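A.B. asks: To be precise about what I am sending: the file is called run-v1.txt and holds compact mmCIF, C-alpha atoms.
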# COMPACT_ATOMS: atom_id res chain seq x y z
CA MET W 588 0.00 0.00 0.00
CA TYR W 589 1.29 3.46 -0.92
CA TYR W 590 -0.11 6.65 0.66
CA LYS W 591 1.27 10.18 0.41
CA THR W 592 0.02 13.73 1.06
CA PHE W 593 0.90 16.94 -0.81
CA ASP W 594 0.55 20.60 0.16
CA PRO W 595 -1.66 23.00 -1.84
CA THR W 596 -0.51 26.21 -3.46
CA PRO W 597 -0.49 29.22 -1.04
CA GLU W 598 -3.52 30.74 -2.84
CA LEU W 599 -5.63 27.73 -1.82
CA ARG W 600 -4.09 26.98 1.57
CA GLU W 601 -6.96 28.55 3.54
CA LEU W 602 -9.43 26.25 1.78
CA ILE W 603 -7.51 23.02 1.12
CA LYS W 604 -5.83 20.99 3.84
CA CYS W 605 -3.89 18.70 1.49
CA TYR W 606 -4.00 16.44 -1.54
CA TRP W 607 -3.41 12.73 -1.09
CA ILE W 608 -3.02 9.58 -3.14
CA LEU W 609 -3.64 5.98 -2.14
CA GLU W 610 -2.57 3.00 -4.23
CA SER W 611 -3.00 -0.64 -3.27
CA PRO W 612 -3.09 -3.95 -5.14
CA GLU W 613 -6.25 -6.01 -5.39
CA GLU W 614 -6.98 -8.04 -2.28
CA ALA W 615 -7.83 -11.75 -2.49
CA VAL W 616 -10.55 -11.15 0.09
CA PRO W 617 -11.55 -7.45 0.11
CA GLU W 618 -11.99 -5.97 3.58
CA ARG W 619 -14.53 -3.34 4.52
CA GLN W 620 -12.96 -0.13 5.76
CA THR W 621 -14.52 2.41 8.10
CA ILE W 622 -14.05 6.12 7.40
CA VAL W 623 -14.55 8.26 10.50
CA PRO W 624 -16.11 11.76 10.20
CA ASP W 625 -13.56 14.55 10.73
CA GLY W 626 -15.36 17.70 9.50
CA CYS W 627 -13.49 17.81 6.17
CA MET W 628 -15.19 17.32 2.80
CA GLU W 629 -13.26 15.51 0.07
CA MET W 630 -13.14 15.58 -3.73
CA ILE W 631 -12.31 12.02 -4.82
CA PHE W 632 -10.98 10.74 -8.17
CA HIS W 633 -10.84 6.95 -8.60
CA TYR W 634 -8.24 6.26 -11.30
CA GLY W 635 -8.19 2.65 -10.08
CA ASP W 636 -11.17 0.36 -9.58
CA LEU W 637 -14.23 1.74 -7.83
CA TYR W 638 -15.27 1.34 -4.20
CA ARG W 639 -18.46 -0.18 -2.89
CA GLN W 640 -20.26 1.90 -0.23
CA TYR W 641 -22.48 0.23 2.36
CA LEU W 642 -25.62 2.07 3.42
CA ALA W 643 -27.35 2.18 6.80
CA ASP W 644 -30.20 -0.05 5.59
CA GLY W 645 -27.76 -2.86 4.76
CA SER W 646 -27.80 -2.29 0.99
CA ASN W 647 -24.79 -1.06 -0.99
CA ILE W 648 -23.95 1.06 -4.01
CA VAL W 649 -20.85 1.48 -6.16
CA GLN W 650 -19.51 5.00 -5.72
CA PRO W 651 -19.17 7.30 -8.76
CA ARG W 652 -15.72 7.41 -10.33
CA CYS W 653 -15.28 11.06 -9.39
CA PHE W 654 -17.29 12.89 -6.74
CA VAL W 655 -17.38 15.16 -3.72
CA ILE W 656 -18.35 13.44 -0.49
CA GLY W 657 -20.46 15.72 1.70
CA GLN W 658 -19.99 16.12 5.43
CA LEU W 659 -20.10 12.77 7.18
CA THR W 660 -22.17 12.67 10.35
CA GLN W 661 -21.83 8.90 10.73
CA PRO W 662 -19.16 6.30 9.90
CA LEU W 663 -18.80 5.46 6.21
CA GLU W 664 -18.24 1.81 5.32
CA ILE W 665 -16.50 1.14 2.01
CA GLU W 666 -14.81 -1.79 0.28
CA PRO W 667 -12.47 -1.94 -2.73
CA THR W 668 -13.74 -3.82 -5.78
CA GLY W 669 -10.24 -4.31 -7.22
CA THR W 670 -6.99 -2.37 -7.52
CA THR W 671 -7.05 0.91 -5.59
CA GLY W 672 -5.91 4.16 -7.17
CA ILE W 673 -7.26 7.34 -5.53
CA PHE W 674 -6.38 11.01 -5.88
CA SER W 675 -8.18 13.27 -3.41
CA VAL W 676 -8.54 16.90 -2.41
CA ARG W 677 -9.15 17.23 1.35
CA PHE W 678 -10.79 20.58 2.18
CA HIS W 679 -10.62 22.35 5.52
CA PRO W 680 -13.95 22.60 7.39
CA GLY W 681 -15.92 25.09 5.29
CA GLY W 682 -13.26 25.03 2.56
CA PHE W 683 -15.56 23.63 -0.13
CA LEU W 684 -18.09 26.46 0.25
CA PRO W 685 -16.65 28.77 -2.48
CA PHE W 686 -16.99 25.92 -5.01
CA ALA W 687 -20.41 24.58 -4.00
CA ASN W 688 -23.41 25.15 -6.23
CA LEU W 689 -25.61 22.95 -4.04
CA PRO W 690 -26.46 23.75 -0.42
CA ILE W 691 -23.72 22.13 1.70
CA ARG W 692 -26.32 20.64 4.04
CA GLU W 693 -27.98 18.76 1.15
CA MET W 694 -24.73 16.92 0.45
CA GLU W 695 -24.54 15.36 3.93
CA ASN W 696 -23.34 11.70 3.87
CA THR W 697 -23.69 11.69 0.07
CA ALA W 698 -21.26 11.16 -2.83
CA VAL W 699 -22.22 13.85 -5.37
CA SER W 700 -20.79 13.40 -8.88
CA LEU W 701 -18.68 16.17 -10.41
CA GLU W 702 -21.09 16.28 -13.33
CA GLN W 703 -23.94 17.13 -10.97
CA LEU W 704 -21.83 19.80 -9.27
CA PHE W 705 -20.06 21.37 -12.26
CA GLY W 706 -21.77 20.06 -15.42
CA ASN W 707 -19.56 19.61 -18.49
CA ASP W 708 -16.67 21.39 -16.75
CA GLY W 709 -16.76 18.67 -14.10
CA LEU W 710 -16.70 15.93 -16.75
CA GLU W 711 -13.75 17.59 -18.50
CA MET W 712 -11.87 17.81 -15.20
CA GLU W 713 -12.55 14.11 -14.51
CA GLN W 714 -10.95 13.14 -17.82
CA LYS W 715 -7.90 15.32 -17.22
CA ILE W 716 -7.28 13.82 -13.78
CA LEU W 717 -7.99 10.21 -14.83
CA ASN W 718 -5.80 10.39 -17.94
CA THR W 719 -2.84 12.04 -16.24
CA PRO W 720 -0.33 9.58 -14.73
CA SER W 721 1.66 12.23 -12.82
CA VAL W 722 0.53 13.42 -9.36
CA THR W 723 2.18 16.79 -10.00
CA GLU W 724 0.10 17.27 -13.15
CA ARG W 725 -3.07 16.16 -11.39
CA ILE W 726 -2.49 18.81 -8.73
CA GLN W 727 -1.83 21.45 -11.41
CA HIS W 728 -5.08 20.55 -13.20
CA ILE W 729 -7.24 20.62 -10.08
CA GLU W 730 -5.69 23.85 -8.76
CA ARG W 731 -6.31 25.61 -12.07
CA PHE W 732 -9.91 24.34 -12.00
CA LEU W 733 -10.52 25.52 -8.42
CA LEU W 734 -8.73 28.87 -8.76
CA ASP W 735 -10.86 29.67 -11.84
CA ARG W 736 -13.93 29.24 -9.62
CA LEU W 737 -12.72 31.53 -6.85
CA THR W 738 -13.72 34.62 -8.83
CA ASP W 739 -17.27 34.04 -7.56
CA ALA W 740 -16.04 33.62 -4.01
CA LYS W 741 -18.65 32.85 -1.38
CA THR W 742 -16.13 33.65 1.28
CA ILE W 743 -16.07 32.11 4.73
CA ASP W 744 -16.72 34.96 7.14
CA ARG W 745 -14.50 35.96 10.04
CA ILE W 746 -16.76 34.54 12.76
CA ILE W 747 -16.75 31.08 11.17
CA LYS W 748 -12.98 31.11 10.60
CA THR W 749 -12.30 32.20 14.17
CA THR W 750 -14.70 29.64 15.62
CA VAL W 751 -13.23 26.78 13.59
CA GLU W 752 -9.70 27.80 14.62
CA THR W 753 -10.80 27.92 18.28
CA ILE W 754 -12.34 24.44 18.06
CA LEU W 755 -9.25 23.01 16.34
CA THR W 756 -6.81 24.63 18.78
CA ALA W 757 -8.75 23.23 21.73
CA ASN W 758 -8.93 19.75 20.09
CA GLY W 759 -12.72 20.00 20.32
CA GLN W 760 -12.63 19.99 24.13
CA LEU W 761 -14.41 23.32 24.72
CA THR W 762 -18.16 23.54 25.30
CA ILE W 763 -20.08 25.50 22.68
CA GLU W 764 -20.84 28.11 25.37
CA ALA W 765 -17.10 28.57 25.91
CA VAL W 766 -16.47 28.76 22.16
CA SER W 767 -19.20 31.41 21.80
CA LYS W 768 -17.65 33.50 24.56
CA GLN W 769 -14.14 33.26 23.14
CA THR W 770 -15.28 34.27 19.66
CA HIS W 771 -17.83 36.85 20.90
CA ALA W 772 -20.52 35.22 18.77
CA ASN W 773 -24.15 34.51 19.54
CA ARG W 774 -24.74 30.74 19.76
CA ARG W 775 -27.82 30.78 17.52
CA GLN W 776 -25.99 32.88 14.97
CA LEU W 777 -23.12 30.37 15.02
CA GLU W 778 -25.49 27.46 14.51
CA ARG W 779 -27.04 29.12 11.44
CA LYS W 780 -23.72 30.13 9.91
CA PHE W 781 -22.17 26.71 10.49
CA ALA W 782 -25.12 24.94 8.87
CA THR W 783 -24.80 26.92 5.61
CA THR W 784 -20.99 27.20 5.55
CA ILE W 785 -19.73 23.87 6.90
CA GLY W 786 -22.81 21.65 6.90
CA LEU W 787 -22.35 20.79 10.59
CA SER W 788 -23.19 22.40 13.91
CA PRO W 789 -20.33 23.69 16.12
CA LYS W 790 -21.09 20.83 18.51
CA GLN W 791 -20.82 18.22 15.75
CA LEU W 792 -17.49 19.64 14.54
CA SER W 793 -16.14 19.75 18.10
CA LYS W 794 -17.14 16.12 18.63
CA MET W 795 -15.33 15.07 15.44
CA VAL W 796 -12.20 17.09 16.20
CA ARG W 797 -11.99 15.65 19.70
CA LEU W 798 -12.37 12.11 18.37
CA GLN W 799 -9.68 12.66 15.73
CA ALA W 800 -7.28 13.87 18.47
CA THR W 801 -8.16 10.73 20.43
CA LEU W 802 -7.57 8.48 17.39
CA LYS W 803 -4.16 10.08 16.86
CA MET W 804 -3.20 9.22 20.44
CA MET W 805 -4.45 5.66 19.89
CA LEU W 806 -2.49 5.34 16.65
CA ASN W 807 0.73 6.55 18.30
CA ASN W 808 0.14 4.46 21.45
CA GLN W 809 0.18 7.61 23.59
CA PHE W 810 -2.04 6.18 26.31
CA THR W 811 -1.87 3.62 29.10
CA SER W 812 -5.55 2.59 29.13
CA LEU W 813 -8.81 3.52 27.44
CA THR W 814 -9.95 5.12 30.71
CA THR W 815 -6.95 7.47 30.83
CA LEU W 816 -7.39 8.16 27.11
CA ALA W 817 -10.96 9.32 27.79
CA TYR W 818 -9.92 11.65 30.60
CA GLU W 819 -6.90 13.05 28.76
CA ASN W 820 -9.24 14.12 25.98
CA GLU W 821 -11.64 15.60 28.55
CA TYR W 822 -14.64 13.37 28.01
CA TYR W 823 -16.95 13.62 31.02
CA ASP W 824 -16.57 9.94 31.80
CA GLN W 825 -16.06 6.55 30.16
CA ALA W 826 -19.74 6.34 29.14
CA HIS W 827 -19.51 9.71 27.33
CA PHE W 828 -16.32 8.55 25.57
CA SER W 829 -17.86 5.24 24.46
CA LYS W 830 -21.09 6.92 23.26
CA ASP W 831 -19.32 9.52 21.07
CA PHE W 832 -16.84 6.91 19.83
CA LYS W 833 -19.50 4.45 18.72
CA GLU W 834 -21.63 7.20 17.15
CA LEU W 835 -18.77 8.30 14.86
CA THR W 836 -16.98 4.99 14.21
CA GLY W 837 -19.66 2.35 14.61
CA PHE W 838 -17.38 0.50 17.04
CA THR W 839 -16.46 0.58 20.71
CA PRO W 840 -12.93 1.94 21.38
CA LYS W 841 -11.65 -1.58 22.04
CA GLU W 842 -13.18 -2.96 18.82
CA PHE W 843 -11.81 -0.11 16.71
CA TYR W 844 -8.22 -0.34 17.90
CA GLY W 845 -6.17 -2.14 15.23
CA ASP W 846 -6.81 -2.41 11.48
CA GLN W 847 -9.80 -0.06 11.48
CA LEU W 848 -7.71 2.61 13.21
CA LYS W 849 -4.88 2.29 10.67
CA MET W 850 -7.27 2.61 7.73
CA SER W 851 -8.99 5.64 9.23
CA ALA W 852 -5.58 7.24 9.75
CA LEU W 853 -4.80 6.85 6.06
CA PHE W 854 -8.07 8.27 4.77
CA TYR W 855 -8.53 11.06 7.25
CA GLY W 856 -5.03 12.21 8.07
CA THR W 857 -4.63 11.38 11.75
CA GLU W 858 -1.02 10.42 11.02
For the structure just supplied, provide its representation as structure tokens.
C.D. replies:
Amino acid sequence: MYYKTFDPTPELRELIKCYWILESPEEAVPERQTIVPDGCMEMIFHYGDLYRQYLADGSNIVQPRCFVIGQLTQPLEIEPTGTTGIFSVRFHPGGFLPFANLPIREMENTAVSLEQLFGNDGLEMEQKILNTPSVTERIQHIERFLLDRLTDAKTIDRIIKTTVETILTANGQLTIEAVSKQTHANRRQLERKFATTIGLSPKQLSKMVRLQATLKMMLNNQFTSLTTLAYENEYYDQAHFSKDFKELTGFTPKEFYGDQLKMSALFYGTE
């Protein structure tokens, strides 16, 4: 398996966290992989075989070849159908807003094709990315495409930027009341702005950020027990830790530790 991240150009750094590629040979027995919500939307290009996505009702669909995945509010179960080759754009929370021509909230837990989002321009971009063997050229193509669309910039306002930075700096451990006080923003106003800009509530983003910090500690073995891990990340108690963990991963902390954790780290950058 080969995984690598790349930095965006400075002009897009406030919107894009990184680009990444993942390549892996076909597995004799494909394993389902759990993607954990982290507050970041992704633009995915499958230049390898497609992935199967399992839905909450037990059914499954094959994902589009190229798409934007909306904000996840629950774990996403996927499975490779063959040889993996993925190029992805990982946006910061709210970073996809300037490029969205659908309400962010309507994209929740959904893979939306680039054709639906950008019409023929999206289809042309798909072909450029899929027919380009070089990662450097893929990045050049996608950056040109995104920069061209920044002329109609639905900018992320100061309150949202400050609030997101506060949540990230605190590893999601502050209450929303504390976040509101620090950013001098009315809680209801924050809720409305977050819904349209990020597609999550401040509480949801905080929960995801805190869990990602916890997963990073798990991955790096920076804990002595699951109980101490819960308290170090300022969960109220073990029950609170287990509830949030299962809500966002579909597993208990003990069940998740191992292969699921490693796969989540690859897809959502906890390494």
A.B. asks: Would you mind reading off the distance between CA of Gln620 (chain W) and CA of Tyr641 (chain W), one decimal, in Å?
C.D. replies: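 Between these atoms lies a distance of 10.1 Å.
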A.B. asks: At most 12 Å is the cut-off: for each residue in region 659-761 of chain W with any atom that close to an atom of region 599-607 of chain W, write down the nearest atom pair and the distance in Å rounded to one decimal, counting only C-alpha atoms, chain first then increasing number, as a tab-separated table.
C.D. replies:
residue	atom	partner	partner_atom	distance
W:Gly672	CA	W:Trp607	CA	10.8
W:Ile673	CA	W:Trp607	CA	8.0
W:Phe674	CA	W:Trp607	CA	5.9
W:Ser675	CA	W:Trp607	CA	5.3
W:Val676	CA	W:Tyr606	CA	4.6
W:Arg677	CA	W:Cys605	CA	5.5
W:Phe678	CA	W:Ile603	CA	4.2
W:His679	CA	W:Lys604	CA	5.3
W:Pro680	CA	W:Leu602	CA	8.1
W:Gly681	CA	W:Leu602	CA	7.5
W:Gly682	CA	W:Leu602	CA	4.1
W:Phe683	CA	W:Leu602	CA	6.9
W:Leu684	CA	W:Leu602	CA	8.8
W:Pro685	CA	W:Leu602	CA	8.8
W:Phe686	CA	W:Leu602	CA	10.2
W:Val722	CA	W:Trp607	CA	9.2
W:Thr723	CA	W:Tyr606	CA	10.5
W:Arg725	CA	W:Tyr606	CA	9.9
W:Ile726	CA	W:Tyr606	CA	7.7
W:Gln727	CA	W:Tyr606	CA	11.3
W:Ile729	CA	W:Tyr606	CA	10.0
W:Glu730	CA	W:Leu599	CA	8.0
W:Arg731	CA	W:Leu599	CA	10.5
W:Phe732	CA	W:Leu599	CA	11.6
W:Leu733	CA	W:Leu599	CA	8.5
W:Leu734	CA	W:Leu599	CA	7.7
W:Asp735	CA	W:Leu599	CA	11.5
W:Arg736	CA	W:Leu599	CA	11.5
W:Leu737	CA	W:Leu599	CA	9.5
W:Ala740	CA	W:Leu602	CA	11.5
W:Lys741	CA	W:Leu602	CA	11.8
W:Thr742	CA	W:Leu602	CA	10.0
W:Ile743	CA	W:Leu602	CA	9.3
W:Lys748	CA	W:Glu601	CA	9.6
W:Val751	CA	W:Glu601	CA	12.0
W:Glu752	CA	W:Glu601	CA	11.4
A.B. asks: Output the selection as a PDB file, keeping the file's coordinate frame - C-alpha atoms for each residue.
C.D. replies:
ATOM      1  CA  GLY W 672      -5.910   4.160  -7.170  1.00  0.00           C
ATOM      2  CA  ILE W 673      -7.260   7.340  -5.530  1.00  0.00           C
ATOM      3  CA  PHE W 674      -6.380  11.010  -5.880  1.00  0.00           C
ATOM      4  CA  SER W 675      -8.180  13.270  -3.410  1.00  0.00           C
ATOM      5  CA  VAL W 676      -8.540  16.900  -2.410  1.00  0.00           C
ATOM      6  CA  ARG W 677      -9.150  17.230   1.350  1.00  0.00           C
ATOM      7  CA  PHE W 678     -10.790  20.580   2.180  1.00  0.00           C
ATOM      8  CA  HIS W 679     -10.620  22.350   5.520  1.00  0.00           C
ATOM      9  CA  PRO W 680     -13.950  22.600   7.390  1.00  0.00           C
ATOM     10  CA  GLY W 681     -15.920  25.090   5.290  1.00  0.00           C
ATOM     11  CA  GLY W 682     -13.260  25.030   2.560  1.00  0.00           C
ATOM     12  CA  PHE W 683     -15.560  23.630  -0.130  1.00  0.00           C
ATOM     13  CA  LEU W 684     -18.090  26.460   0.250  1.00  0.00           C
ATOM     14  CA  PRO W 685     -16.650  28.770  -2.480  1.00  0.00           C
ATOM     15  CA  PHE W 686     -16.990  25.920  -5.010  1.00  0.00           C
ATOM     16  CA  VAL W 722       0.530  13.420  -9.360  1.00  0.00           C
ATOM     17  CA  THR W 723       2.180  16.790 -10.000  1.00  0.00           C
ATOM     18  CA  ARG W 725      -3.070  16.160 -11.390  1.00  0.00           C
ATOM     19  CA  ILE W 726      -2.490  18.810  -8.730  1.00  0.00           C
ATOM     20  CA  GLN W 727      -1.830  21.450 -11.410  1.00  0.00           C
ATOM     21  CA  ILE W 729      -7.240  20.620 -10.080  1.00  0.00           C
ATOM     22  CA  GLU W 730      -5.690  23.850  -8.760  1.00  0.00           C
ATOM     23  CA  ARG W 731      -6.310  25.610 -12.070  1.00  0.00           C
ATOM     24  CA  PHE W 732      -9.910  24.340 -12.000  1.00  0.00           C
ATOM     25  CA  LEU W 733     -10.520  25.520  -8.420  1.00  0.00           C
ATOM     26  CA  LEU W 734      -8.730  28.870  -8.760  1.00  0.00           C
ATOM     27  CA  ASP W 735     -10.860  29.670 -11.840  1.00  0.00           C
ATOM     28  CA  ARG W 736     -13.930  29.240  -9.620  1.00  0.00           C
ATOM     29  CA  LEU W 737     -12.720  31.530  -6.850  1.00  0.00           C
ATOM     30  CA  ALA W 740     -16.040  33.620  -4.010  1.00  0.00           C
ATOM     31  CA  LYS W 741     -18.650  32.850  -1.380  1.00  0.00           C
ATOM     32  CA  THR W 742     -16.130  33.650   1.280  1.00  0.00           C
ATOM     33  CA  ILE W 743     -16.070  32.110   4.730  1.00  0.00           C
ATOM     34  CA  LYS W 748     -12.980  31.110  10.600  1.00  0.00           C
ATOM     35  CA  VAL W 751     -13.230  26.780  13.590  1.00  0.00           C
ATOM     36  CA  GLU W 752      -9.700  27.800  14.620  1.00  0.00           C
TER      37      GLU W 752
END
A.B. asks: Using only C-alpha atoms, which protein or nucleic acid residues come within 12 Å of Val616 (chain W)? Drop anything in the same chain fewer than 5 positions from it, and give the result as a list in words.
C.D. replies: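 Counting only the stated atoms, we get Glu666, Pro667, Thr668 and Gly669 of chain W.
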A.B. asks: When you look at region 830-836 of chain W with a cut-off of 8 Å (counting only C-alpha atoms), what residues show up, excluding the ones that are within fewer than 6 positions of it in the same chain? I need them as a list in words.
C.D. replies: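 Listing them by chain and then by number gives Thr621, Ile622, Val623, Pro624, Thr660, Gln661, Pro662, Lys794, Met795, Leu798 and Phe843 of chain W.
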A.B. asks: Pick from W:Met804, W:Leu813, W:Ile747, W:Leu701: nearest to Glu778 (chain W), with only C-alpha atoms counted?
C.D. replies: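 The answer is W:Ile747, which sits nearest to Glu778 (chain W).
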